$ cat run28.txt   # compact mmCIF, N, CA and C atoms
# COMPACT_ATOMS: atom_id res chain seq x y z
N THR A 1 26.16 -0.87 -12.85
CA THR A 1 26.49 -1.44 -14.14
C THR A 1 27.59 -0.63 -14.81
N HIS A 2 27.37 0.67 -15.05
CA HIS A 2 28.39 1.48 -15.68
C HIS A 2 29.58 1.72 -14.76
N ALA A 3 29.41 1.51 -13.46
CA ALA A 3 30.49 1.78 -12.51
C ALA A 3 31.13 0.50 -11.97
N LYS A 4 30.77 -0.66 -12.49
CA LYS A 4 31.24 -1.91 -11.90
C LYS A 4 32.75 -2.07 -11.97
N ASP A 5 33.41 -1.48 -12.95
CA ASP A 5 34.86 -1.63 -13.08
C ASP A 5 35.64 -0.42 -12.57
N LYS A 6 34.94 0.53 -11.96
CA LYS A 6 35.60 1.74 -11.47
C LYS A 6 36.16 1.53 -10.06
N LEU A 7 37.21 2.24 -9.76
CA LEU A 7 37.78 2.25 -8.41
C LEU A 7 36.95 3.18 -7.53
N PRO A 8 37.00 3.02 -6.21
CA PRO A 8 36.21 3.88 -5.32
C PRO A 8 36.45 5.37 -5.56
N ALA A 9 37.67 5.76 -5.85
CA ALA A 9 37.98 7.17 -6.07
C ALA A 9 37.37 7.70 -7.37
N GLU A 10 36.91 6.82 -8.22
CA GLU A 10 36.37 7.21 -9.52
C GLU A 10 34.85 7.30 -9.56
N ILE A 11 34.18 6.99 -8.46
CA ILE A 11 32.72 7.06 -8.45
C ILE A 11 32.25 8.27 -7.65
N SER A 12 31.05 8.71 -7.93
CA SER A 12 30.50 9.92 -7.30
C SER A 12 30.15 9.67 -5.83
N GLY A 13 29.95 10.76 -5.11
CA GLY A 13 29.52 10.67 -3.71
C GLY A 13 28.17 9.99 -3.57
N GLY A 14 27.26 10.29 -4.51
CA GLY A 14 25.95 9.65 -4.48
C GLY A 14 26.03 8.15 -4.69
N MET A 15 26.91 7.73 -5.60
CA MET A 15 27.10 6.30 -5.85
C MET A 15 27.69 5.63 -4.61
N LYS A 16 28.65 6.29 -3.98
CA LYS A 16 29.24 5.75 -2.74
C LYS A 16 28.16 5.61 -1.67
N GLN A 17 27.27 6.59 -1.60
CA GLN A 17 26.21 6.53 -0.60
C GLN A 17 25.27 5.37 -0.89
N ARG A 18 24.89 5.17 -2.14
CA ARG A 18 24.01 4.05 -2.51
C ARG A 18 24.68 2.72 -2.20
N ILE A 19 25.97 2.61 -2.47
CA ILE A 19 26.70 1.37 -2.18
C ILE A 19 26.72 1.11 -0.67
N GLY A 20 26.92 2.16 0.11
CA GLY A 20 26.91 2.01 1.58
C GLY A 20 25.58 1.52 2.10
N ILE A 21 24.49 2.05 1.57
CA ILE A 21 23.15 1.62 1.98
C ILE A 21 22.93 0.16 1.58
N ALA A 22 23.32 -0.19 0.36
CA ALA A 22 23.15 -1.57 -0.10
C ALA A 22 23.96 -2.54 0.76
N ARG A 23 25.19 -2.17 1.09
CA ARG A 23 26.03 -3.05 1.92
C ARG A 23 25.42 -3.23 3.32
N ALA A 24 24.91 -2.14 3.88
CA ALA A 24 24.30 -2.23 5.22
C ALA A 24 23.06 -3.11 5.20
N LEU A 25 22.21 -2.93 4.21
CA LEU A 25 20.99 -3.74 4.13
C LEU A 25 21.30 -5.19 3.78
N GLY A 26 22.37 -5.41 3.02
CA GLY A 26 22.76 -6.77 2.64
C GLY A 26 23.15 -7.63 3.83
N MET A 27 23.55 -7.00 4.93
CA MET A 27 23.91 -7.75 6.13
C MET A 27 22.68 -8.21 6.91
N GLU A 28 21.50 -7.74 6.50
CA GLU A 28 20.22 -8.08 7.13
C GLU A 28 20.24 -7.89 8.64
N PRO A 29 20.60 -6.68 9.10
CA PRO A 29 20.65 -6.43 10.54
C PRO A 29 19.26 -6.37 11.16
N LYS A 30 19.16 -6.70 12.43
CA LYS A 30 17.89 -6.57 13.14
C LYS A 30 17.58 -5.11 13.42
N VAL A 31 18.63 -4.33 13.67
CA VAL A 31 18.50 -2.89 13.89
C VAL A 31 19.53 -2.21 13.00
N LEU A 32 19.10 -1.18 12.28
CA LEU A 32 19.99 -0.46 11.38
C LEU A 32 19.92 1.02 11.69
N LEU A 33 21.07 1.64 11.95
CA LEU A 33 21.16 3.07 12.19
C LEU A 33 21.64 3.73 10.90
N MET A 34 20.85 4.66 10.39
CA MET A 34 21.20 5.35 9.14
C MET A 34 21.30 6.85 9.43
N ASP A 35 22.47 7.43 9.17
CA ASP A 35 22.71 8.85 9.41
C ASP A 35 22.69 9.59 8.07
N GLU A 36 21.64 10.37 7.84
CA GLU A 36 21.46 11.12 6.59
C GLU A 36 21.69 10.23 5.37
N PRO A 37 20.96 9.10 5.27
CA PRO A 37 21.27 8.13 4.21
C PRO A 37 21.01 8.61 2.79
N PHE A 38 20.18 9.62 2.62
CA PHE A 38 19.82 10.06 1.28
C PHE A 38 20.34 11.46 0.96
N GLY A 39 21.21 11.99 1.81
CA GLY A 39 21.65 13.38 1.72
C GLY A 39 22.36 13.75 0.43
N ALA A 40 23.18 12.89 -0.14
CA ALA A 40 23.98 13.24 -1.32
C ALA A 40 23.33 12.82 -2.63
N LEU A 41 22.05 12.50 -2.58
CA LEU A 41 21.38 11.97 -3.77
C LEU A 41 20.49 13.01 -4.43
N ASP A 42 20.36 12.93 -5.75
CA ASP A 42 19.41 13.79 -6.44
C ASP A 42 18.00 13.31 -6.09
N SER A 43 17.02 14.17 -6.35
CA SER A 43 15.66 13.89 -5.87
C SER A 43 15.05 12.62 -6.48
N LEU A 44 15.32 12.32 -7.74
CA LEU A 44 14.76 11.12 -8.36
C LEU A 44 15.38 9.86 -7.74
N THR A 45 16.70 9.85 -7.61
CA THR A 45 17.38 8.71 -6.99
C THR A 45 16.95 8.55 -5.54
N ARG A 46 16.80 9.67 -4.85
CA ARG A 46 16.37 9.67 -3.45
C ARG A 46 15.02 8.99 -3.33
N ALA A 47 14.07 9.35 -4.17
CA ALA A 47 12.72 8.78 -4.12
C ALA A 47 12.75 7.27 -4.39
N HIS A 48 13.52 6.86 -5.39
CA HIS A 48 13.62 5.43 -5.70
C HIS A 48 14.25 4.66 -4.54
N LEU A 49 15.28 5.23 -3.95
CA LEU A 49 15.96 4.55 -2.85
C LEU A 49 15.10 4.51 -1.59
N GLN A 50 14.31 5.55 -1.35
CA GLN A 50 13.38 5.53 -0.21
C GLN A 50 12.35 4.42 -0.39
N ASP A 51 11.82 4.30 -1.60
CA ASP A 51 10.86 3.22 -1.88
C ASP A 51 11.51 1.85 -1.68
N SER A 52 12.73 1.71 -2.18
CA SER A 52 13.45 0.44 -2.04
C SER A 52 13.72 0.12 -0.58
N LEU A 53 14.09 1.13 0.20
CA LEU A 53 14.34 0.92 1.63
C LEU A 53 13.09 0.39 2.31
N MET A 54 11.93 0.97 2.00
CA MET A 54 10.69 0.51 2.63
C MET A 54 10.36 -0.92 2.23
N GLU A 55 10.59 -1.27 0.97
CA GLU A 55 10.32 -2.64 0.52
C GLU A 55 11.26 -3.64 1.18
N ILE A 56 12.53 -3.31 1.24
CA ILE A 56 13.52 -4.21 1.85
C ILE A 56 13.26 -4.34 3.34
N GLN A 57 12.92 -3.23 3.99
CA GLN A 57 12.62 -3.28 5.42
C GLN A 57 11.42 -4.17 5.69
N ALA A 58 10.43 -4.14 4.81
CA ALA A 58 9.26 -5.00 4.97
C ALA A 58 9.65 -6.47 4.88
N GLU A 59 10.57 -6.78 3.97
CA GLU A 59 11.03 -8.17 3.83
C GLU A 59 11.85 -8.62 5.04
N LEU A 60 12.73 -7.73 5.51
CA LEU A 60 13.60 -8.08 6.64
C LEU A 60 12.88 -7.99 7.97
N ASN A 61 11.83 -7.16 8.02
CA ASN A 61 11.07 -6.92 9.24
C ASN A 61 11.98 -6.46 10.37
N ASN A 62 12.88 -5.55 10.04
CA ASN A 62 13.83 -5.05 11.04
C ASN A 62 13.45 -3.63 11.47
N THR A 63 14.20 -3.11 12.42
CA THR A 63 13.99 -1.75 12.91
C THR A 63 15.06 -0.87 12.30
N VAL A 64 14.64 0.26 11.74
CA VAL A 64 15.57 1.22 11.16
C VAL A 64 15.44 2.52 11.93
N ILE A 65 16.56 3.03 12.42
CA ILE A 65 16.61 4.33 13.09
C ILE A 65 17.33 5.26 12.12
N MET A 66 16.66 6.32 11.73
CA MET A 66 17.23 7.21 10.72
C MET A 66 17.39 8.62 11.28
N ILE A 67 18.57 9.16 11.12
CA ILE A 67 18.86 10.53 11.50
C ILE A 67 18.74 11.38 10.24
N THR A 68 17.92 12.42 10.28
CA THR A 68 17.75 13.28 9.13
C THR A 68 17.37 14.69 9.57
N HIS A 69 17.68 15.65 8.73
CA HIS A 69 17.23 17.02 8.93
C HIS A 69 16.11 17.36 7.95
N ASP A 70 15.72 16.40 7.12
CA ASP A 70 14.72 16.60 6.08
C ASP A 70 13.34 16.25 6.65
N VAL A 71 12.56 17.28 6.96
CA VAL A 71 11.25 17.09 7.57
C VAL A 71 10.31 16.32 6.65
N ASP A 72 10.34 16.63 5.35
CA ASP A 72 9.47 15.92 4.40
C ASP A 72 9.79 14.44 4.38
N GLU A 73 11.07 14.12 4.38
CA GLU A 73 11.49 12.72 4.40
C GLU A 73 11.02 12.03 5.68
N ALA A 74 11.14 12.72 6.79
CA ALA A 74 10.72 12.16 8.06
C ALA A 74 9.24 11.83 8.06
N VAL A 75 8.43 12.77 7.60
CA VAL A 75 6.98 12.57 7.59
C VAL A 75 6.59 11.46 6.61
N LEU A 76 7.29 11.35 5.49
CA LEU A 76 7.00 10.33 4.49
C LEU A 76 7.31 8.93 5.01
N LEU A 77 8.46 8.76 5.67
CA LEU A 77 8.96 7.43 5.98
C LEU A 77 8.68 6.94 7.40
N LEU A 78 8.37 7.81 8.30
CA LEU A 78 8.42 7.45 9.71
C LEU A 78 7.07 7.35 10.39
N ASP A 79 7.04 6.53 11.42
CA ASP A 79 5.84 6.50 12.25
C ASP A 79 6.06 7.28 13.54
N LYS A 80 7.31 7.52 13.91
CA LYS A 80 7.63 8.35 15.07
C LYS A 80 8.83 9.23 14.72
N ILE A 81 8.77 10.47 15.17
CA ILE A 81 9.87 11.41 14.99
C ILE A 81 10.31 11.86 16.37
N VAL A 82 11.59 11.69 16.65
CA VAL A 82 12.15 12.13 17.93
C VAL A 82 12.98 13.37 17.64
N MET A 83 12.55 14.50 18.18
CA MET A 83 13.24 15.76 17.96
C MET A 83 14.20 15.99 19.13
N ILE A 84 15.42 16.36 18.77
CA ILE A 84 16.50 16.54 19.76
C ILE A 84 16.90 18.01 19.79
N THR A 85 17.22 18.52 20.99
CA THR A 85 17.69 19.91 21.11
C THR A 85 19.14 20.00 20.61
N ASN A 86 19.58 21.21 20.30
CA ASN A 86 20.94 21.45 19.84
C ASN A 86 21.93 21.50 21.00
N GLY A 87 23.19 21.36 20.65
CA GLY A 87 24.26 21.61 21.61
C GLY A 87 24.82 20.37 22.25
N PRO A 88 25.89 20.61 23.02
CA PRO A 88 26.59 19.48 23.66
C PRO A 88 25.72 18.75 24.69
N ALA A 89 24.77 19.46 25.26
CA ALA A 89 23.88 18.84 26.25
C ALA A 89 22.54 18.50 25.61
N ALA A 90 22.57 18.02 24.37
CA ALA A 90 21.35 17.72 23.64
C ALA A 90 20.50 16.71 24.38
N SER A 91 19.19 16.91 24.30
CA SER A 91 18.27 15.98 24.94
C SER A 91 17.02 15.87 24.07
N ILE A 92 16.19 14.91 24.38
CA ILE A 92 14.94 14.73 23.63
C ILE A 92 14.02 15.90 23.95
N TRP A 93 13.61 16.60 22.91
CA TRP A 93 12.74 17.75 23.07
C TRP A 93 11.29 17.34 22.92
N ARG A 94 11.00 16.54 21.91
CA ARG A 94 9.61 16.16 21.65
C ARG A 94 9.59 14.87 20.83
N VAL A 95 8.60 14.03 21.09
CA VAL A 95 8.37 12.83 20.29
C VAL A 95 7.02 13.00 19.61
N LEU A 96 7.05 12.91 18.29
CA LEU A 96 5.82 13.09 17.51
C LEU A 96 5.45 11.79 16.84
N SER A 97 4.17 11.45 16.87
CA SER A 97 3.68 10.31 16.11
C SER A 97 3.18 10.82 14.76
N CYS A 98 3.33 10.01 13.76
CA CYS A 98 2.88 10.36 12.41
C CYS A 98 1.82 9.36 11.99
N PRO A 99 0.59 9.50 12.51
CA PRO A 99 -0.43 8.51 12.19
C PRO A 99 -0.75 8.42 10.71
N ALA A 100 -0.69 9.54 9.98
CA ALA A 100 -0.98 9.49 8.54
C ALA A 100 0.07 8.66 7.83
N ALA A 101 1.33 8.86 8.18
CA ALA A 101 2.40 8.08 7.56
C ALA A 101 2.27 6.62 7.95
N SER A 102 1.93 6.35 9.19
CA SER A 102 1.79 4.97 9.64
C SER A 102 0.68 4.26 8.90
N ALA A 103 -0.46 4.93 8.74
CA ALA A 103 -1.59 4.30 8.05
C ALA A 103 -1.27 4.09 6.57
N GLN A 104 -0.59 5.05 5.98
CA GLN A 104 -0.29 4.97 4.55
C GLN A 104 0.75 3.90 4.26
N THR A 105 1.75 3.75 5.11
CA THR A 105 2.86 2.86 4.81
C THR A 105 2.84 1.57 5.60
N ALA A 106 1.90 1.39 6.51
CA ALA A 106 1.87 0.19 7.34
C ALA A 106 1.91 -1.10 6.53
N PRO A 107 1.12 -1.22 5.46
CA PRO A 107 1.20 -2.48 4.70
C PRO A 107 2.56 -2.67 4.04
N VAL A 108 3.24 -1.57 3.73
CA VAL A 108 4.51 -1.65 3.01
C VAL A 108 5.65 -2.03 3.94
N ILE A 109 5.70 -1.43 5.13
CA ILE A 109 6.88 -1.65 5.96
C ILE A 109 6.63 -2.47 7.21
N GLY A 110 5.56 -3.16 7.27
CA GLY A 110 5.37 -4.18 8.30
C GLY A 110 5.22 -3.67 9.71
N ARG A 111 4.50 -2.61 9.89
CA ARG A 111 4.35 -2.07 11.25
C ARG A 111 3.50 -2.98 12.14
N GLN A 112 2.81 -3.95 11.55
CA GLN A 112 2.02 -4.87 12.35
C GLN A 112 2.91 -5.69 13.28
N SER A 113 4.22 -5.68 13.06
CA SER A 113 5.15 -6.46 13.87
C SER A 113 5.33 -5.89 15.27
N GLY A 114 4.91 -4.63 15.48
CA GLY A 114 5.12 -3.98 16.77
C GLY A 114 6.45 -3.26 16.84
N LEU A 115 7.30 -3.42 15.84
CA LEU A 115 8.56 -2.71 15.80
C LEU A 115 8.32 -1.29 15.33
N GLN A 116 9.24 -0.41 15.63
CA GLN A 116 9.18 0.94 15.11
C GLN A 116 10.23 1.03 14.01
N PRO A 117 9.84 0.78 12.77
CA PRO A 117 10.82 0.64 11.69
C PRO A 117 11.73 1.82 11.49
N LEU A 118 11.23 3.04 11.54
CA LEU A 118 12.07 4.19 11.29
C LEU A 118 11.84 5.24 12.37
N SER A 119 12.90 5.81 12.87
CA SER A 119 12.81 6.91 13.82
C SER A 119 13.81 7.96 13.40
N VAL A 120 13.55 9.20 13.77
CA VAL A 120 14.41 10.29 13.35
C VAL A 120 14.83 11.11 14.54
N ARG A 121 16.07 11.52 14.50
CA ARG A 121 16.57 12.51 15.45
C ARG A 121 16.83 13.76 14.65
N SER A 122 16.22 14.86 15.01
CA SER A 122 16.40 16.11 14.30
C SER A 122 16.78 17.19 15.29
N HIS A 123 17.76 18.01 14.93
CA HIS A 123 18.18 19.09 15.83
C HIS A 123 18.38 20.38 15.11
$ encode --input "run28.txt" --output "C-alpha cells"
Amino acid sequence: THAKDKLPAEISGGMKQRIGIARALGMEPKVLLMDEPFGALDSLTRAHLQDSLMEIQAELNNTVIMITHDVDEAVLLLDKIVMITNGPAASIWRVLSCPAASAQTAPVIGRQSGLQPLSVRSH
C-alpha cells in the first residue's frame, strides 16, 4: 500500500523479497523451489509470511522445496529435512523426518495429499 507507487530501487530488500514470494505463489506452480525465502525479513514479518505460505500451500496443494540454514524454521515448517554436506562434492548426508511438525501442521498444509510440501537442504 505505502509502496505501490515506488520504483523497485526505492523499496527495501525485505519488500523485494515479499514481492518475489507473492509473484512465485501467484503463478500457482505444482512445485516451488524457494531459496532462503525469509532471510531478509524481520522476525514479525517472517512469522506472518510463514503462516501465509502454509495457508496458500494448503489451498494450492503443491509441493514446496525450501533451502534454508535456519533450523528453527525448518522444524516449524517441514515434514522432512534433507541435510547436505559442504563443498563442491556436496551430497545428501542425512534425511530427517519431523513427525511433530507433520502432526501439528498436517491439517494446515494438506499433507494428506501424499506430497511432501516443504523440504530443506542445509549445509
$ select_by_dssp --input "run28.txt" --residues "range 2-116 of chain A" --states "helix (DSSP H, G or I)" --output "short mmCIF file (atom, residue, chain, number, x, y, z; two decimals) with N, CA and C atoms, in the coordinates of the input"
data_model
loop_
_atom_site.label_atom_id
_atom_site.label_comp_id
_atom_site.auth_asym_id
_atom_site.auth_seq_id
_atom_site.Cartn_x
_atom_site.Cartn_y
_atom_site.Cartn_z
N PRO A 8 37.00 3.02 -6.21
CA PRO A 8 36.21 3.88 -5.32
C PRO A 8 36.45 5.37 -5.56
N ALA A 9 37.67 5.76 -5.85
CA ALA A 9 37.98 7.17 -6.07
C ALA A 9 37.37 7.70 -7.37
N GLU A 10 36.91 6.82 -8.22
CA GLU A 10 36.37 7.21 -9.52
C GLU A 10 34.85 7.30 -9.56
N GLY A 13 29.95 10.76 -5.11
CA GLY A 13 29.52 10.67 -3.71
C GLY A 13 28.17 9.99 -3.57
N GLY A 14 27.26 10.29 -4.51
CA GLY A 14 25.95 9.65 -4.48
C GLY A 14 26.03 8.15 -4.69
N MET A 15 26.91 7.73 -5.60
CA MET A 15 27.10 6.30 -5.85
C MET A 15 27.69 5.63 -4.61
N LYS A 16 28.65 6.29 -3.98
CA LYS A 16 29.24 5.75 -2.74
C LYS A 16 28.16 5.61 -1.67
N GLN A 17 27.27 6.59 -1.60
CA GLN A 17 26.21 6.53 -0.60
C GLN A 17 25.27 5.37 -0.89
N ARG A 18 24.89 5.17 -2.14
CA ARG A 18 24.01 4.05 -2.51
C ARG A 18 24.68 2.72 -2.20
N ILE A 19 25.97 2.61 -2.47
CA ILE A 19 26.70 1.37 -2.18
C ILE A 19 26.72 1.11 -0.67
N GLY A 20 26.92 2.16 0.11
CA GLY A 20 26.91 2.01 1.58
C GLY A 20 25.58 1.52 2.10
N ILE A 21 24.49 2.05 1.57
CA ILE A 21 23.15 1.62 1.98
C ILE A 21 22.93 0.16 1.58
N ALA A 22 23.32 -0.19 0.36
CA ALA A 22 23.15 -1.57 -0.10
C ALA A 22 23.96 -2.54 0.76
N ARG A 23 25.19 -2.17 1.09
CA ARG A 23 26.03 -3.05 1.92
C ARG A 23 25.42 -3.23 3.32
N ALA A 24 24.91 -2.14 3.88
CA ALA A 24 24.30 -2.23 5.22
C ALA A 24 23.06 -3.11 5.20
N LEU A 25 22.21 -2.93 4.21
CA LEU A 25 20.99 -3.74 4.13
C LEU A 25 21.30 -5.19 3.78
N GLY A 26 22.37 -5.41 3.02
CA GLY A 26 22.76 -6.77 2.64
C GLY A 26 23.15 -7.63 3.83
N SER A 43 17.02 14.17 -6.35
CA SER A 43 15.66 13.89 -5.87
C SER A 43 15.05 12.62 -6.48
N LEU A 44 15.32 12.32 -7.74
CA LEU A 44 14.76 11.12 -8.36
C LEU A 44 15.38 9.86 -7.74
N THR A 45 16.70 9.85 -7.61
CA THR A 45 17.38 8.71 -6.99
C THR A 45 16.95 8.55 -5.54
N ARG A 46 16.80 9.67 -4.85
CA ARG A 46 16.37 9.67 -3.45
C ARG A 46 15.02 8.99 -3.33
N ALA A 47 14.07 9.35 -4.17
CA ALA A 47 12.72 8.78 -4.12
C ALA A 47 12.75 7.27 -4.39
N HIS A 48 13.52 6.86 -5.39
CA HIS A 48 13.62 5.43 -5.70
C HIS A 48 14.25 4.66 -4.54
N LEU A 49 15.28 5.23 -3.95
CA LEU A 49 15.96 4.55 -2.85
C LEU A 49 15.10 4.51 -1.59
N GLN A 50 14.31 5.55 -1.35
CA GLN A 50 13.38 5.53 -0.21
C GLN A 50 12.35 4.42 -0.39
N ASP A 51 11.82 4.30 -1.60
CA ASP A 51 10.86 3.22 -1.88
C ASP A 51 11.51 1.85 -1.68
N SER A 52 12.73 1.71 -2.18
CA SER A 52 13.45 0.44 -2.04
C SER A 52 13.72 0.12 -0.58
N LEU A 53 14.09 1.13 0.20
CA LEU A 53 14.34 0.92 1.63
C LEU A 53 13.09 0.39 2.31
N MET A 54 11.93 0.97 2.00
CA MET A 54 10.69 0.51 2.63
C MET A 54 10.36 -0.92 2.23
N GLU A 55 10.59 -1.27 0.97
CA GLU A 55 10.32 -2.64 0.52
C GLU A 55 11.26 -3.64 1.18
N ILE A 56 12.53 -3.31 1.24
CA ILE A 56 13.52 -4.21 1.85
C ILE A 56 13.26 -4.34 3.34
N GLN A 57 12.92 -3.23 3.99
CA GLN A 57 12.62 -3.28 5.42
C GLN A 57 11.42 -4.17 5.69
N ALA A 58 10.43 -4.14 4.81
CA ALA A 58 9.26 -5.00 4.97
C ALA A 58 9.65 -6.47 4.88
N GLU A 59 10.57 -6.78 3.97
CA GLU A 59 11.03 -8.17 3.83
C GLU A 59 11.85 -8.62 5.04
N LEU A 60 12.73 -7.73 5.51
CA LEU A 60 13.60 -8.08 6.64
C LEU A 60 12.88 -7.99 7.97
N VAL A 71 12.56 17.28 6.96
CA VAL A 71 11.25 17.09 7.57
C VAL A 71 10.31 16.32 6.65
N ASP A 72 10.34 16.63 5.35
CA ASP A 72 9.47 15.92 4.40
C ASP A 72 9.79 14.44 4.38
N GLU A 73 11.07 14.12 4.38
CA GLU A 73 11.49 12.72 4.40
C GLU A 73 11.02 12.03 5.68
N ALA A 74 11.14 12.72 6.79
CA ALA A 74 10.72 12.16 8.06
C ALA A 74 9.24 11.83 8.06
N VAL A 75 8.43 12.77 7.60
CA VAL A 75 6.98 12.57 7.59
C VAL A 75 6.59 11.46 6.61
N LEU A 76 7.29 11.35 5.49
CA LEU A 76 7.00 10.33 4.49
C LEU A 76 7.31 8.93 5.01
N LEU A 77 8.46 8.76 5.67
CA LEU A 77 8.96 7.43 5.98
C LEU A 77 8.68 6.94 7.40
N PRO A 99 0.59 9.50 12.51
CA PRO A 99 -0.43 8.51 12.19
C PRO A 99 -0.75 8.42 10.71
N ALA A 100 -0.69 9.54 9.98
CA ALA A 100 -0.98 9.49 8.54
C ALA A 100 0.07 8.66 7.83
N ALA A 101 1.33 8.86 8.18
CA ALA A 101 2.40 8.08 7.56
C ALA A 101 2.27 6.62 7.95
N SER A 102 1.93 6.35 9.19
CA SER A 102 1.79 4.97 9.64
C SER A 102 0.68 4.26 8.90
N ALA A 103 -0.46 4.93 8.74
CA ALA A 103 -1.59 4.30 8.05
C ALA A 103 -1.27 4.09 6.57
N GLN A 104 -0.59 5.05 5.98
CA GLN A 104 -0.29 4.97 4.55
C GLN A 104 0.75 3.90 4.26
N THR A 105 1.75 3.75 5.11
CA THR A 105 2.86 2.86 4.81
C THR A 105 2.84 1.57 5.60
N ALA A 106 1.90 1.39 6.51
CA ALA A 106 1.87 0.19 7.34
C ALA A 106 1.91 -1.10 6.53
N PRO A 107 1.12 -1.22 5.46
CA PRO A 107 1.20 -2.48 4.70
C PRO A 107 2.56 -2.67 4.04
N VAL A 108 3.24 -1.57 3.73
CA VAL A 108 4.51 -1.65 3.01
C VAL A 108 5.65 -2.03 3.94
N ILE A 109 5.70 -1.43 5.13
CA ILE A 109 6.88 -1.65 5.96
C ILE A 109 6.63 -2.47 7.21
N ARG A 111 4.50 -2.61 9.89
CA ARG A 111 4.35 -2.07 11.25
C ARG A 111 3.50 -2.98 12.14
N GLN A 112 2.81 -3.95 11.55
CA GLN A 112 2.02 -4.87 12.35
C GLN A 112 2.91 -5.69 13.28
N SER A 113 4.22 -5.68 13.06
CA SER A 113 5.15 -6.46 13.87
C SER A 113 5.33 -5.89 15.27
#
$ atom_distance --input "run28.txt" --atom1 "CA of Val95 in chain A" --atom2 "CA of Thr63 in chain A"
17.3 Å
$ atom_distance --input "run28.txt" --atom1 "CA of Gly14 in chain A" --atom2 "atom N of Asn86 in chain A"
28.1 Å
$ closest_residue --input "run28.txt" --among "A:Ala90, A:Cys98, A:Ala47, A:Leu60" --to "Ala74 in chain A" --atoms "only N, CA and C atoms"
A:Cys98
$ residues_around --input "run28.txt" --residues "Leu96 in chain A" --least-positions-apart "3" --cutoff "6 Å" --atoms "all atoms listed in the file" --output "list in words"
Asp79, Lys80, Ile81, Val82 and Met83 of chain A
$ closest_residue --input "run28.txt" --among "A:Ile84, A:Val71, A:Met66, A:Leu78" --to "Glu36 in chain A" --atoms "all atoms listed in the file"
A:Met66
$ atom_distance --input "run28.txt" --atom1 "CA of Lys4 in chain A" --atom2 "atom N of Met27 in chain A"
19.2 Å
$ closest_residue --input "run28.txt" --among "A:Leu25, A:Leu41, A:Gly20, A:Met34" --to "Ile56 in chain A" --atoms "all atoms listed in the file"
A:Leu25
$ residues_around --input "run28.txt" --residues "Ala40 in chain A" --least-positions-apart "5" --cutoff "8 Å" --atoms "only N, CA and C atoms" --output "list in words"
Gly13, Gly14, Met15, Gln17, Arg18 and Arg46 of chain A
$ decode --input "run28.txt" --residues "range 41-57 of chain A" --atoms "N, CA and C atoms" --output "PDB file, in the first residue's frame"
ATOM      1  N   LEU A  41      13.942 -10.762   6.123  1.00  0.00           N
ATOM      2  CA  LEU A  41      12.753 -10.223   6.790  1.00  0.00           C
ATOM      3  C   LEU A  41      12.953 -10.126   8.296  1.00  0.00           C
ATOM      4  N   ASP A  42      12.312  -9.134   8.901  1.00  0.00           N
ATOM      5  CA  ASP A  42      12.327  -9.050  10.359  1.00  0.00           C
ATOM      6  C   ASP A  42      11.472 -10.192  10.908  1.00  0.00           C
ATOM      7  N   SER A  43      11.638 -10.480  12.193  1.00  0.00           N
ATOM      8  CA  SER A  43      11.011 -11.676  12.764  1.00  0.00           C
ATOM      9  C   SER A  43       9.481 -11.641  12.714  1.00  0.00           C
ATOM     10  N   LEU A  44       8.863 -10.491  12.905  1.00  0.00           N
ATOM     11  CA  LEU A  44       7.403 -10.411  12.866  1.00  0.00           C
ATOM     12  C   LEU A  44       6.887 -10.662  11.444  1.00  0.00           C
ATOM     13  N   THR A  45       7.503 -10.008  10.465  1.00  0.00           N
ATOM     14  CA  THR A  45       7.110 -10.209   9.069  1.00  0.00           C
ATOM     15  C   THR A  45       7.373 -11.645   8.645  1.00  0.00           C
ATOM     16  N   ARG A  46       8.488 -12.197   9.096  1.00  0.00           N
ATOM     17  CA  ARG A  46       8.848 -13.583   8.787  1.00  0.00           C
ATOM     18  C   ARG A  46       7.759 -14.526   9.273  1.00  0.00           C
ATOM     19  N   ALA A  47       7.315 -14.357  10.508  1.00  0.00           N
ATOM     20  CA  ALA A  47       6.288 -15.234  11.084  1.00  0.00           C
ATOM     21  C   ALA A  47       4.972 -15.122  10.314  1.00  0.00           C
ATOM     22  N   HIS A  48       4.573 -13.897   9.976  1.00  0.00           N
ATOM     23  CA  HIS A  48       3.335 -13.714   9.213  1.00  0.00           C
ATOM     24  C   HIS A  48       3.439 -14.355   7.837  1.00  0.00           C
ATOM     25  N   LEU A  49       4.580 -14.189   7.189  1.00  0.00           N
ATOM     26  CA  LEU A  49       4.753 -14.746   5.846  1.00  0.00           C
ATOM     27  C   LEU A  49       4.838 -16.269   5.880  1.00  0.00           C
ATOM     28  N   GLN A  50       5.437 -16.833   6.918  1.00  0.00           N
ATOM     29  CA  GLN A  50       5.472 -18.291   7.056  1.00  0.00           C
ATOM     30  C   GLN A  50       4.054 -18.838   7.208  1.00  0.00           C
ATOM     31  N   ASP A  51       3.246 -18.176   8.032  1.00  0.00           N
ATOM     32  CA  ASP A  51       1.856 -18.596   8.190  1.00  0.00           C
ATOM     33  C   ASP A  51       1.105 -18.497   6.861  1.00  0.00           C
ATOM     34  N   SER A  52       1.318 -17.394   6.154  1.00  0.00           N
ATOM     35  CA  SER A  52       0.652 -17.202   4.858  1.00  0.00           C
ATOM     36  C   SER A  52       1.082 -18.263   3.859  1.00  0.00           C
ATOM     37  N   LEU A  53       2.370 -18.592   3.852  1.00  0.00           N
ATOM     38  CA  LEU A  53       2.867 -19.622   2.936  1.00  0.00           C
ATOM     39  C   LEU A  53       2.166 -20.946   3.202  1.00  0.00           C
ATOM     40  N   MET A  54       2.015 -21.316   4.471  1.00  0.00           N
ATOM     41  CA  MET A  54       1.352 -22.585   4.789  1.00  0.00           C
ATOM     42  C   MET A  54      -0.107 -22.572   4.360  1.00  0.00           C
ATOM     43  N   GLU A  55      -0.787 -21.449   4.550  1.00  0.00           N
ATOM     44  CA  GLU A  55      -2.192 -21.355   4.139  1.00  0.00           C
ATOM     45  C   GLU A  55      -2.338 -21.430   2.624  1.00  0.00           C
ATOM     46  N   ILE A  56      -1.498 -20.711   1.909  1.00  0.00           N
ATOM     47  CA  ILE A  56      -1.559 -20.709   0.440  1.00  0.00           C
ATOM     48  C   ILE A  56      -1.200 -22.083  -0.098  1.00  0.00           C
ATOM     49  N   GLN A  57      -0.191 -22.710   0.499  1.00  0.00           N
ATOM     50  CA  GLN A  57       0.206 -24.047   0.057  1.00  0.00           C
ATOM     51  C   GLN A  57      -0.931 -25.038   0.249  1.00  0.00           C
TER      52      GLN A  57
END
